[in-house]
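Okay, structure first, notes after.
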Amino acid sequence: MNASSDSAKTPLGELIGRLSALHQKRIDLGLERMHRLLERLGHPECKLPPVIHIAGTNGKGSTLAYLRATLEAAGLRVHAYTSPYLVRINECFRLGRVGGGVLVGDDELRAALEEVERVNAGEAATVFELKTAAAFHLFAQNPADVVLLEVGLGGRLDSTNVVDAPAACVITPVSMDHMDFLGDTLASIAGEKAAIIKRGVPVICAEQMPEAMAVIEAQAKHMRAPLFAANESWHVNVERGRLVYSDDRGLMDLPAPRLFGRHQFANAGLAIATLRALPAIKVHHAAFEAGIVGAEWPARMQRLTSGELLSWGPQGSEIWLDGGHNAEGGRVAAAALGDLEERVSRPLVVIAGMMANKDAQGFLANFAGLTRHIIAVPIPDTENAMPVDRLADAARSLGMRVETVSGVEAALRALAKLAYEVPPRILITGSLYLAGHVLAINGTPPA
């Protein structure tokens with residue numbers, strides 16, 4: 001390709017900006033626009049390999065990461081569609097290849113988005129709808145063995161819920177989040193998630209609160225969908241630091257997940273149960289082993305071991321990054337920190353930034369017994385980010401000592417000036433948008 005044709009390409013950022021202007025709302029749940037787009041694209045959603053559709057509040061991405069790593073270890077080509085992205089939009093689209101998938105390249109993604117833009121012909125559509133249509137278009141054009149499809153928000157009216165006959169429907173733990181779109185009770189939120197269940201399609205379900213489980217069971221029964229629920233059809237336990245999985249087909253003794261936190265054992269178990277419920281997909285024991293230890297998912301209790309941030313904070317400190325942003329996400333991050341504290345004790349500092357529609361008090365309450373030191377930071381270049389004063393007030397209401405600074409770099413440099421007998425453990429958390437900003441300024445974006 002010559003330089004002149006290369007320079008004529010629309011930058012991806014400019015293209016996304018143009019697509020963003022097609023709808024006045026960032027989120028507008030519904031399927032009519034999606035069906036229109038897919039019809040004009042020639043129904044790529046009907047030309048896909050077997051689809052594993054994943055809904056839930058927390059753990060969707062990690063469960064998908066275990067599924068992908070295991071399937072790839074079994075020699076299969078795996079497409080994956082996830083959201084949101086942390087640094088680059090390309091992260092949302094992973095194309096299956098022999099030997100391991102790759103993030104879609106700029107040229108291929110631009111071509112897919114421009115094709116979706118062309119058939120849409122200027123009609124109203126959200127960026128997520130256009131992006132999801134582009135994913136189906138890309139996946140239909142590229143051969144693979146499996147598609148992993150993560151719900152964006154909810155399930156019933158989510159743009160991904162247009163695949164009529166997936167191979168499996170997976171529901172990760174359901175908790176309170178996005179109440180402005182999904183309802184203000186656990187039952188209503190579970191109902192939105194459970195609406196991805198299709199007639200006769202196996203449903204693999206994580207451990208749930210009773211109120212959520214009742215809704216999922218009722219929907220599975222209504223759709224005559226076989227239900228494989230945690231602690232009923234399958235079990236996962238931690239024994240001597242290893243993951244022990246069991247179901248009616250037997251027991252597997254597997255290594256601990258590399259992803260940190262006790263909740264990752266449950267996420268890995270859900271992925272194993274999903275693949276065990278699909279006899280058409282052949283996965284041998286060695287592939288399960290490789291998948292459990294090989295799965296990667298950025299900004300989920302991720303320790304930063306290189307990059308700019310290490311030079312800004314106190315020498316010898318640990319810096320962890322977690323994109324948790326609701327009460328349950330805070331609970332699992334706090335539990336992981338508690339496990340770390342048992343192994344190696346260090347003073348804990350939490351650097352937090354959140355979105356304005358999140359329950360800051362419910363999130364931060366999880367850390368009240370672990371630290372009294374909270375630093376509130378803004379999320380740069382992000383609409384609807386929570387003002388730092390409001391976040392600080394939430395921390396103070398919990399009896400925590402809190403200060404506000406201009407950003408993550410300022411927070412780390414301020415900590416570097418304090419006299420610590422033992423270098424601290426620092427958790428940066430509260431939002432995936434903040435996590436993406438951190439990975440960008442650290443120079444370690446997802447590969």
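If you're wondering about the labels, chains in the structure tokens are A, B, ... by order shown, residues count from 1 in each chain, ligands from 1 in order shown.
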*Got a sec: who's within 9 Å of Phe288 (chain A), counting only C-alpha atoms, leaving out chain neighbours fewer than 3 positions off, as a PyMOL selection string?*
chain A and resi 66+69-71+73-74+254+272+283-285+291-293
Got time to write the residues from that selection, C-alpha atoms, as a PDB file, in the first residue's frame?
ATOM      1  CA  TYR A  66     -10.923 -18.893  30.899  1.00  0.00           C
ATOM      2  CA  ALA A  69      -7.674 -19.827  26.936  1.00  0.00           C
ATOM      3  CA  THR A  70      -9.018 -23.365  27.388  1.00  0.00           C
ATOM      4  CA  LEU A  71     -10.532 -23.618  23.919  1.00  0.00           C
ATOM      5  CA  ALA A  73      -5.294 -24.753  24.350  1.00  0.00           C
ATOM      6  CA  ALA A  74      -7.520 -27.436  22.815  1.00  0.00           C
ATOM      7  CA  LEU A 254      -6.410 -28.540  38.432  1.00  0.00           C
ATOM      8  CA  ILE A 272     -15.172 -25.545  33.004  1.00  0.00           C
ATOM      9  CA  VAL A 283     -11.597 -30.432  25.477  1.00  0.00           C
ATOM     10  CA  HIS A 284      -9.007 -32.717  27.060  1.00  0.00           C
ATOM     11  CA  HIS A 285      -7.676 -32.461  30.609  1.00  0.00           C
ATOM     12  CA  GLY A 291      -6.550 -22.633  30.191  1.00  0.00           C
ATOM     13  CA  ILE A 292      -6.840 -22.144  33.943  1.00  0.00           C
ATOM     14  CA  VAL A 293      -3.237 -20.996  34.339  1.00  0.00           C
TER      15      VAL A 293
END
*Would you mind listing what lies within 10 Å of region 363-365 of chain A as number ranges by chain, with only C-alpha atoms counted and same-chain residues fewer than 5 positions away left out?*
A: 324-331, 334, 350, 352, 354, 358, 370, 374, 391, 394-395, 397-400, 429-430
_I want to know what sits within 12 Å of Met179 (chain A), based on only C-alpha atoms, with residues of the same chain fewer than 3 positions away left out; could you give that as a PyMOL selection string?_
chain A and resi 57+153-154+175-176+182-190+192+326+357-359
Write the residues of the selection above to a file with all heavy atoms, as a short mmCIF file (atom, residue, chain, number, x, y, z; two decimals), in the first residue's frame.
data_model
loop_
_atom_site.label_atom_id
_atom_site.label_comp_id
_atom_site.auth_asym_id
_atom_site.auth_seq_id
_atom_site.Cartn_x
_atom_site.Cartn_y
_atom_site.Cartn_z
N THR A 57 -23.53 -9.83 36.14
CA THR A 57 -23.08 -8.52 36.62
C THR A 57 -21.57 -8.46 36.74
O THR A 57 -20.92 -7.56 36.21
CB THR A 57 -23.73 -8.20 37.98
OG1 THR A 57 -25.14 -8.31 37.88
CG2 THR A 57 -23.36 -6.79 38.43
N LEU A 153 -24.84 -4.81 28.40
CA LEU A 153 -25.58 -4.32 29.56
C LEU A 153 -26.91 -5.05 29.64
O LEU A 153 -27.69 -5.02 28.68
CB LEU A 153 -25.78 -2.80 29.45
CG LEU A 153 -26.17 -2.04 30.73
CD1 LEU A 153 -25.87 -0.55 30.57
CD2 LEU A 153 -27.64 -2.22 31.09
N GLY A 154 -27.15 -5.72 30.75
CA GLY A 154 -28.41 -6.42 30.95
C GLY A 154 -28.42 -7.74 30.22
O GLY A 154 -27.70 -8.66 30.55
N SER A 175 -25.75 -9.14 40.58
CA SER A 175 -25.84 -8.27 41.75
C SER A 175 -26.37 -6.92 41.31
O SER A 175 -26.71 -6.71 40.14
CB SER A 175 -24.47 -8.15 42.44
OG SER A 175 -23.52 -7.58 41.56
N MET A 176 -26.44 -5.98 42.24
CA MET A 176 -27.04 -4.68 41.97
C MET A 176 -26.05 -3.80 41.19
O MET A 176 -24.96 -3.51 41.66
CB MET A 176 -27.42 -3.98 43.28
CG MET A 176 -28.37 -4.77 44.16
SD MET A 176 -29.96 -5.10 43.38
CE MET A 176 -30.70 -3.46 43.39
N LEU A 182 -31.89 -1.36 34.51
CA LEU A 182 -32.31 -2.75 34.68
C LEU A 182 -33.30 -2.97 35.81
O LEU A 182 -33.77 -4.09 35.99
CB LEU A 182 -31.07 -3.63 34.92
CG LEU A 182 -29.96 -3.54 33.87
CD1 LEU A 182 -28.81 -4.46 34.23
CD2 LEU A 182 -30.49 -3.86 32.48
N GLY A 183 -33.61 -1.93 36.58
CA GLY A 183 -34.52 -2.09 37.70
C GLY A 183 -33.80 -2.03 39.02
O GLY A 183 -32.58 -2.23 39.09
N ASP A 184 -34.54 -1.78 40.09
CA ASP A 184 -33.90 -1.53 41.38
C ASP A 184 -34.05 -2.69 42.36
O ASP A 184 -33.88 -2.52 43.57
CB ASP A 184 -34.44 -0.24 42.00
CG ASP A 184 -35.94 -0.25 42.17
OD1 ASP A 184 -36.57 -1.30 41.87
OD2 ASP A 184 -36.49 0.78 42.59
N THR A 185 -34.39 -3.88 41.85
CA THR A 185 -34.40 -5.08 42.71
C THR A 185 -33.53 -6.15 42.06
O THR A 185 -33.34 -6.16 40.84
CB THR A 185 -35.81 -5.64 42.90
OG1 THR A 185 -36.28 -6.17 41.65
CG2 THR A 185 -36.77 -4.56 43.40
N LEU A 186 -33.03 -7.06 42.89
CA LEU A 186 -32.21 -8.14 42.36
C LEU A 186 -33.02 -9.01 41.41
O LEU A 186 -32.51 -9.49 40.39
CB LEU A 186 -31.64 -8.97 43.51
CG LEU A 186 -30.48 -9.90 43.17
CD1 LEU A 186 -29.30 -9.14 42.59
CD2 LEU A 186 -30.05 -10.68 44.42
N ALA A 187 -34.29 -9.20 41.72
CA ALA A 187 -35.15 -10.03 40.86
C ALA A 187 -35.31 -9.41 39.48
O ALA A 187 -35.26 -10.11 38.45
CB ALA A 187 -36.51 -10.23 41.51
N SER A 188 -35.51 -8.09 39.41
CA SER A 188 -35.69 -7.45 38.10
C SER A 188 -34.40 -7.51 37.29
O SER A 188 -34.42 -7.74 36.08
CB SER A 188 -36.16 -6.00 38.27
OG SER A 188 -35.18 -5.21 38.90
N ILE A 189 -33.27 -7.30 37.96
CA ILE A 189 -31.98 -7.36 37.25
C ILE A 189 -31.74 -8.78 36.76
O ILE A 189 -31.32 -9.00 35.61
CB ILE A 189 -30.85 -6.87 38.18
CG1 ILE A 189 -31.03 -5.37 38.47
CG2 ILE A 189 -29.49 -7.14 37.56
CD1 ILE A 189 -30.09 -4.82 39.52
N ALA A 190 -32.01 -9.77 37.61
CA ALA A 190 -31.85 -11.17 37.19
C ALA A 190 -32.75 -11.50 36.01
O ALA A 190 -32.37 -12.27 35.11
CB ALA A 190 -32.13 -12.10 38.36
N GLU A 192 -33.64 -9.50 33.61
CA GLU A 192 -33.01 -8.96 32.40
C GLU A 192 -31.87 -9.87 31.93
O GLU A 192 -31.71 -10.12 30.74
CB GLU A 192 -32.48 -7.55 32.67
CG GLU A 192 -33.56 -6.52 32.96
CD GLU A 192 -34.43 -6.22 31.76
OE1 GLU A 192 -33.89 -6.10 30.64
OE2 GLU A 192 -35.66 -6.12 31.92
N ASN A 326 -18.86 -1.79 41.45
CA ASN A 326 -20.11 -1.91 42.20
C ASN A 326 -19.81 -2.61 43.53
O ASN A 326 -18.67 -3.02 43.79
CB ASN A 326 -21.17 -2.66 41.39
CG ASN A 326 -20.67 -4.01 40.86
OD1 ASN A 326 -19.97 -4.74 41.56
ND2 ASN A 326 -21.03 -4.33 39.62
N ASN A 357 -22.88 7.50 38.33
CA ASN A 357 -24.08 6.68 38.55
C ASN A 357 -23.82 5.46 39.43
O ASN A 357 -24.67 4.59 39.55
CB ASN A 357 -24.68 6.24 37.22
CG ASN A 357 -23.74 5.34 36.42
OD1 ASN A 357 -22.54 5.33 36.64
ND2 ASN A 357 -24.31 4.58 35.49
N LYS A 358 -22.64 5.40 40.05
CA LYS A 358 -22.30 4.24 40.88
C LYS A 358 -22.51 4.53 42.37
O LYS A 358 -22.50 5.68 42.80
CB LYS A 358 -20.84 3.82 40.63
CG LYS A 358 -20.55 3.42 39.19
CD LYS A 358 -21.42 2.27 38.72
CE LYS A 358 -21.16 1.91 37.28
NZ LYS A 358 -22.08 0.86 36.79
N ASP A 359 -22.66 3.46 43.13
CA ASP A 359 -22.87 3.55 44.58
C ASP A 359 -21.51 3.59 45.27
O ASP A 359 -20.97 2.55 45.64
CB ASP A 359 -23.70 2.35 45.04
CG ASP A 359 -23.88 2.28 46.56
OD1 ASP A 359 -23.54 3.27 47.25
OD2 ASP A 359 -24.35 1.24 47.05
#
Write out as a PDB file with N, CA, C and O atoms, in the first residue's frame which residues come within 12 Å of Ser83 (chain A) when counting only C-alpha atoms, dropping same-chain ones fewer than 3 positions away.
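Saved file around_15.pdb follows:
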ATOM      1  N   ILE A  54     -22.714 -14.880  27.123  1.00  0.00           N
ATOM      2  CA  ILE A  54     -22.380 -14.721  28.535  1.00  0.00           C
ATOM      3  C   ILE A  54     -22.991 -13.433  29.085  1.00  0.00           C
ATOM      4  O   ILE A  54     -22.680 -12.332  28.617  1.00  0.00           O
ATOM      5  N   ALA A  55     -23.854 -13.582  30.105  1.00  0.00           N
ATOM      6  CA  ALA A  55     -24.457 -12.440  30.792  1.00  0.00           C
ATOM      7  C   ALA A  55     -24.116 -12.520  32.273  1.00  0.00           C
ATOM      8  O   ALA A  55     -23.593 -13.526  32.756  1.00  0.00           O
ATOM      9  N   LYS A  60     -18.023 -11.658  34.022  1.00  0.00           N
ATOM     10  CA  LYS A  60     -18.225 -12.051  32.621  1.00  0.00           C
ATOM     11  C   LYS A  60     -16.892 -12.133  31.874  1.00  0.00           C
ATOM     12  O   LYS A  60     -16.607 -13.103  31.180  1.00  0.00           O
ATOM     13  N   GLY A  61     -16.090 -11.081  32.013  1.00  0.00           N
ATOM     14  CA  GLY A  61     -14.835 -11.036  31.268  1.00  0.00           C
ATOM     15  C   GLY A  61     -13.865 -12.114  31.691  1.00  0.00           C
ATOM     16  O   GLY A  61     -13.210 -12.744  30.848  1.00  0.00           O
ATOM     17  N   LEU A  64     -15.046 -15.456  30.408  1.00  0.00           N
ATOM     18  CA  LEU A  64     -14.748 -15.529  28.984  1.00  0.00           C
ATOM     19  C   LEU A  64     -13.261 -15.788  28.757  1.00  0.00           C
ATOM     20  O   LEU A  64     -12.886 -16.556  27.860  1.00  0.00           O
ATOM     21  N   ALA A  80     -13.903 -13.602  19.884  1.00  0.00           N
ATOM     22  CA  ALA A  80     -14.436 -13.092  21.154  1.00  0.00           C
ATOM     23  C   ALA A  80     -14.812 -11.625  21.007  1.00  0.00           C
ATOM     24  O   ALA A  80     -14.047 -10.824  20.447  1.00  0.00           O
ATOM     25  N   LEU A  86     -10.419  -0.977  27.339  1.00  0.00           N
ATOM     26  CA  LEU A  86      -9.659  -0.218  28.329  1.00  0.00           C
ATOM     27  C   LEU A  86      -8.870   0.920  27.697  1.00  0.00           C
ATOM     28  O   LEU A  86      -8.906   2.048  28.186  1.00  0.00           O
ATOM     29  N   VAL A  87      -8.155   0.623  26.623  1.00  0.00           N
ATOM     30  CA  VAL A  87      -7.308   1.641  25.995  1.00  0.00           C
ATOM     31  C   VAL A  87      -7.672   1.845  24.526  1.00  0.00           C
ATOM     32  O   VAL A  87      -7.864   2.966  24.080  1.00  0.00           O
ATOM     33  N   ARG A  88      -7.805   0.747  23.765  1.00  0.00           N
ATOM     34  CA  ARG A  88      -8.091   0.833  22.330  1.00  0.00           C
ATOM     35  C   ARG A  88      -9.344   0.034  22.003  1.00  0.00           C
ATOM     36  O   ARG A  88      -9.547  -1.050  22.542  1.00  0.00           O
ATOM     37  N   ILE A  89     -10.153   0.552  21.106  1.00  0.00           N
ATOM     38  CA  ILE A  89     -11.404  -0.118  20.749  1.00  0.00           C
ATOM     39  C   ILE A  89     -11.149  -1.505  20.158  1.00  0.00           C
ATOM     40  O   ILE A  89     -11.994  -2.404  20.261  1.00  0.00           O
ATOM     41  N   ASN A  90      -9.968  -1.710  19.577  1.00  0.00           N
ATOM     42  CA  ASN A  90      -9.631  -3.021  19.003  1.00  0.00           C
ATOM     43  C   ASN A  90      -9.749  -4.146  20.022  1.00  0.00           C
ATOM     44  O   ASN A  90      -9.975  -5.305  19.654  1.00  0.00           O
ATOM     45  N   GLU A  91      -9.587  -3.826  21.322  1.00  0.00           N
ATOM     46  CA  GLU A  91      -9.654  -4.854  22.366  1.00  0.00           C
ATOM     47  C   GLU A  91     -10.993  -5.585  22.375  1.00  0.00           C
ATOM     48  O   GLU A  91     -11.084  -6.714  22.861  1.00  0.00           O
ATOM     49  N   CYS A  92     -12.038  -4.949  21.853  1.00  0.00           N
ATOM     50  CA  CYS A  92     -13.374  -5.557  21.898  1.00  0.00           C
ATOM     51  C   CYS A  92     -13.514  -6.720  20.925  1.00  0.00           C
ATOM     52  O   CYS A  92     -14.420  -7.545  21.074  1.00  0.00           O
ATOM     53  N   PHE A  93     -12.627  -6.780  19.920  1.00  0.00           N
ATOM     54  CA  PHE A  93     -12.789  -7.747  18.832  1.00  0.00           C
ATOM     55  C   PHE A  93     -11.543  -8.630  18.755  1.00  0.00           C
ATOM     56  O   PHE A  93     -10.471  -8.163  18.346  1.00  0.00           O
ATOM     57  N   ARG A  94     -11.683  -9.884  19.126  1.00  0.00           N
ATOM     58  CA  ARG A  94     -10.566 -10.821  19.003  1.00  0.00           C
ATOM     59  C   ARG A  94     -10.936 -11.877  17.969  1.00  0.00           C
ATOM     60  O   ARG A  94     -11.989 -12.507  18.073  1.00  0.00           O
ATOM     61  N   VAL A 127     -23.461   3.710  19.370  1.00  0.00           N
ATOM     62  CA  VAL A 127     -22.138   3.194  19.028  1.00  0.00           C
ATOM     63  C   VAL A 127     -22.047   1.715  19.365  1.00  0.00           C
ATOM     64  O   VAL A 127     -21.455   0.930  18.610  1.00  0.00           O
ATOM     65  N   PHE A 128     -22.640   1.296  20.499  1.00  0.00           N
ATOM     66  CA  PHE A 128     -22.556  -0.117  20.873  1.00  0.00           C
ATOM     67  C   PHE A 128     -23.270  -0.992  19.853  1.00  0.00           C
ATOM     68  O   PHE A 128     -22.796  -2.080  19.507  1.00  0.00           O
ATOM     69  N   GLU A 129     -24.413  -0.533  19.353  1.00  0.00           N
ATOM     70  CA  GLU A 129     -25.120  -1.295  18.327  1.00  0.00           C
ATOM     71  C   GLU A 129     -24.287  -1.406  17.055  1.00  0.00           C
ATOM     72  O   GLU A 129     -24.165  -2.492  16.462  1.00  0.00           O
ATOM     73  N   LYS A 131     -21.052  -1.104  16.780  1.00  0.00           N
ATOM     74  CA  LYS A 131     -19.863  -1.894  17.091  1.00  0.00           C
ATOM     75  C   LYS A 131     -20.212  -3.390  17.121  1.00  0.00           C
ATOM     76  O   LYS A 131     -19.458  -4.230  16.619  1.00  0.00           O
ATOM     77  N   THR A 132     -21.355  -3.732  17.702  1.00  0.00           N
ATOM     78  CA  THR A 132     -21.775  -5.128  17.777  1.00  0.00           C
ATOM     79  C   THR A 132     -22.081  -5.686  16.389  1.00  0.00           C
ATOM     80  O   THR A 132     -21.713  -6.822  16.054  1.00  0.00           O
ATOM     81  N   ALA A 135     -18.909  -6.484  14.806  1.00  0.00           N
ATOM     82  CA  ALA A 135     -18.349  -7.733  15.331  1.00  0.00           C
ATOM     83  C   ALA A 135     -18.954  -8.928  14.609  1.00  0.00           C
ATOM     84  O   ALA A 135     -18.231  -9.843  14.171  1.00  0.00           O
ATOM     85  N   LEU A 148     -17.270 -16.435  21.407  1.00  0.00           N
ATOM     86  CA  LEU A 148     -17.577 -16.045  22.778  1.00  0.00           C
ATOM     87  C   LEU A 148     -18.150 -14.642  22.736  1.00  0.00           C
ATOM     88  O   LEU A 148     -17.487 -13.702  22.300  1.00  0.00           O
ATOM     89  N   LEU A 149     -19.391 -14.504  23.199  1.00  0.00           N
ATOM     90  CA  LEU A 149     -20.136 -13.260  23.038  1.00  0.00           C
ATOM     91  C   LEU A 149     -20.550 -12.735  24.408  1.00  0.00           C
ATOM     92  O   LEU A 149     -21.371 -13.340  25.095  1.00  0.00           O
ATOM     93  N   GLU A 150     -19.973 -11.607  24.813  1.00  0.00           N
ATOM     94  CA  GLU A 150     -20.277 -11.031  26.120  1.00  0.00           C
ATOM     95  C   GLU A 150     -21.366  -9.976  26.001  1.00  0.00           C
ATOM     96  O   GLU A 150     -21.272  -9.053  25.169  1.00  0.00           O
ATOM     97  N   VAL A 151     -22.386 -10.084  26.825  1.00  0.00           N
ATOM     98  CA  VAL A 151     -23.439  -9.071  26.898  1.00  0.00           C
ATOM     99  C   VAL A 151     -22.827  -7.745  27.335  1.00  0.00           C
ATOM    100  O   VAL A 151     -21.956  -7.686  28.199  1.00  0.00           O
ATOM    101  N   GLY A 152     -23.305  -6.666  26.733  1.00  0.00           N
ATOM    102  CA  GLY A 152     -22.825  -5.351  27.123  1.00  0.00           C
ATOM    103  C   GLY A 152     -23.488  -4.853  28.395  1.00  0.00           C
ATOM    104  O   GLY A 152     -22.823  -4.501  29.369  1.00  0.00           O
ATOM    105  N   LEU A 153     -24.841  -4.810  28.399  1.00  0.00           N
ATOM    106  CA  LEU A 153     -25.577  -4.318  29.563  1.00  0.00           C
ATOM    107  C   LEU A 153     -26.912  -5.052  29.642  1.00  0.00           C
ATOM    108  O   LEU A 153     -27.691  -5.023  28.684  1.00  0.00           O
ATOM    109  N   SER A 159     -27.716  -5.490  22.654  1.00  0.00           N
ATOM    110  CA  SER A 159     -27.500  -5.680  21.212  1.00  0.00           C
ATOM    111  C   SER A 159     -27.002  -7.063  20.849  1.00  0.00           C
ATOM    112  O   SER A 159     -27.168  -7.510  19.710  1.00  0.00           O
ATOM    113  N   THR A 160     -26.375  -7.768  21.797  1.00  0.00           N
ATOM    114  CA  THR A 160     -25.890  -9.120  21.501  1.00  0.00           C
ATOM    115  C   THR A 160     -27.005 -10.151  21.497  1.00  0.00           C
ATOM    116  O   THR A 160     -26.799 -11.281  21.027  1.00  0.00           O
ATOM    117  N   LEU A 432     -13.641   0.874  35.315  1.00  0.00           N
ATOM    118  CA  LEU A 432     -12.871   0.383  34.171  1.00  0.00           C
ATOM    119  C   LEU A 432     -12.332   1.539  33.334  1.00  0.00           C
ATOM    120  O   LEU A 432     -11.296   1.417  32.678  1.00  0.00           O
ATOM    121  N   TYR A 433     -13.036   2.682  33.366  1.00  0.00           N
ATOM    122  CA  TYR A 433     -12.527   3.855  32.654  1.00  0.00           C
ATOM    123  C   TYR A 433     -11.229   4.343  33.305  1.00  0.00           C
ATOM    124  O   TYR A 433     -10.266   4.700  32.619  1.00  0.00           O
TER     125      TYR A 433
END
_Set the distance at 7 Å and use only C-alpha atoms: which residues neighbour Gly407 (chain A) once local chain neighbours fewer than 4 positions away are removed? I'd like the list as a list of chain:residue names._
A:Val377, A:Pro378, A:Ala411
_What's around region 110-118 of chain A at 12 Å? Count only C-alpha atoms, leave out sequence neighbours fewer than 6 positions away in its own chain, and write the answer as a VMD selection string._
chain A and resid 9 to 22 34 36 to 42 44 89 to 90 93 104 124 to 142
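Among the candidates A:Leu340, A:Val405, A:Ala229, A:Ala268, the one nearest to Leu243 (chain A) when counting only C-alpha atoms is A:Ala268.
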*asked:* I need the residues of region 129-216 of chain A that end up classed as alpha helix (DSSP H) by DSSP on the backbone, written out as a PyMOL selection string.
replied: chain A and resi 129-141+179-182+186-194+210-216
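Proximity to Arg303 (chain A) was assessed for A:Val98, A:Ile281, A:Val238, A:Ile426 counting only C-alpha atoms; the smallest distance is recorded for A:Ile426.
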_strand (DSSP E) call set, DSSP backbone run, region 268-365 of chain A, as a ChimeraX atom specification_ = /A:302-303,318-322,348-352
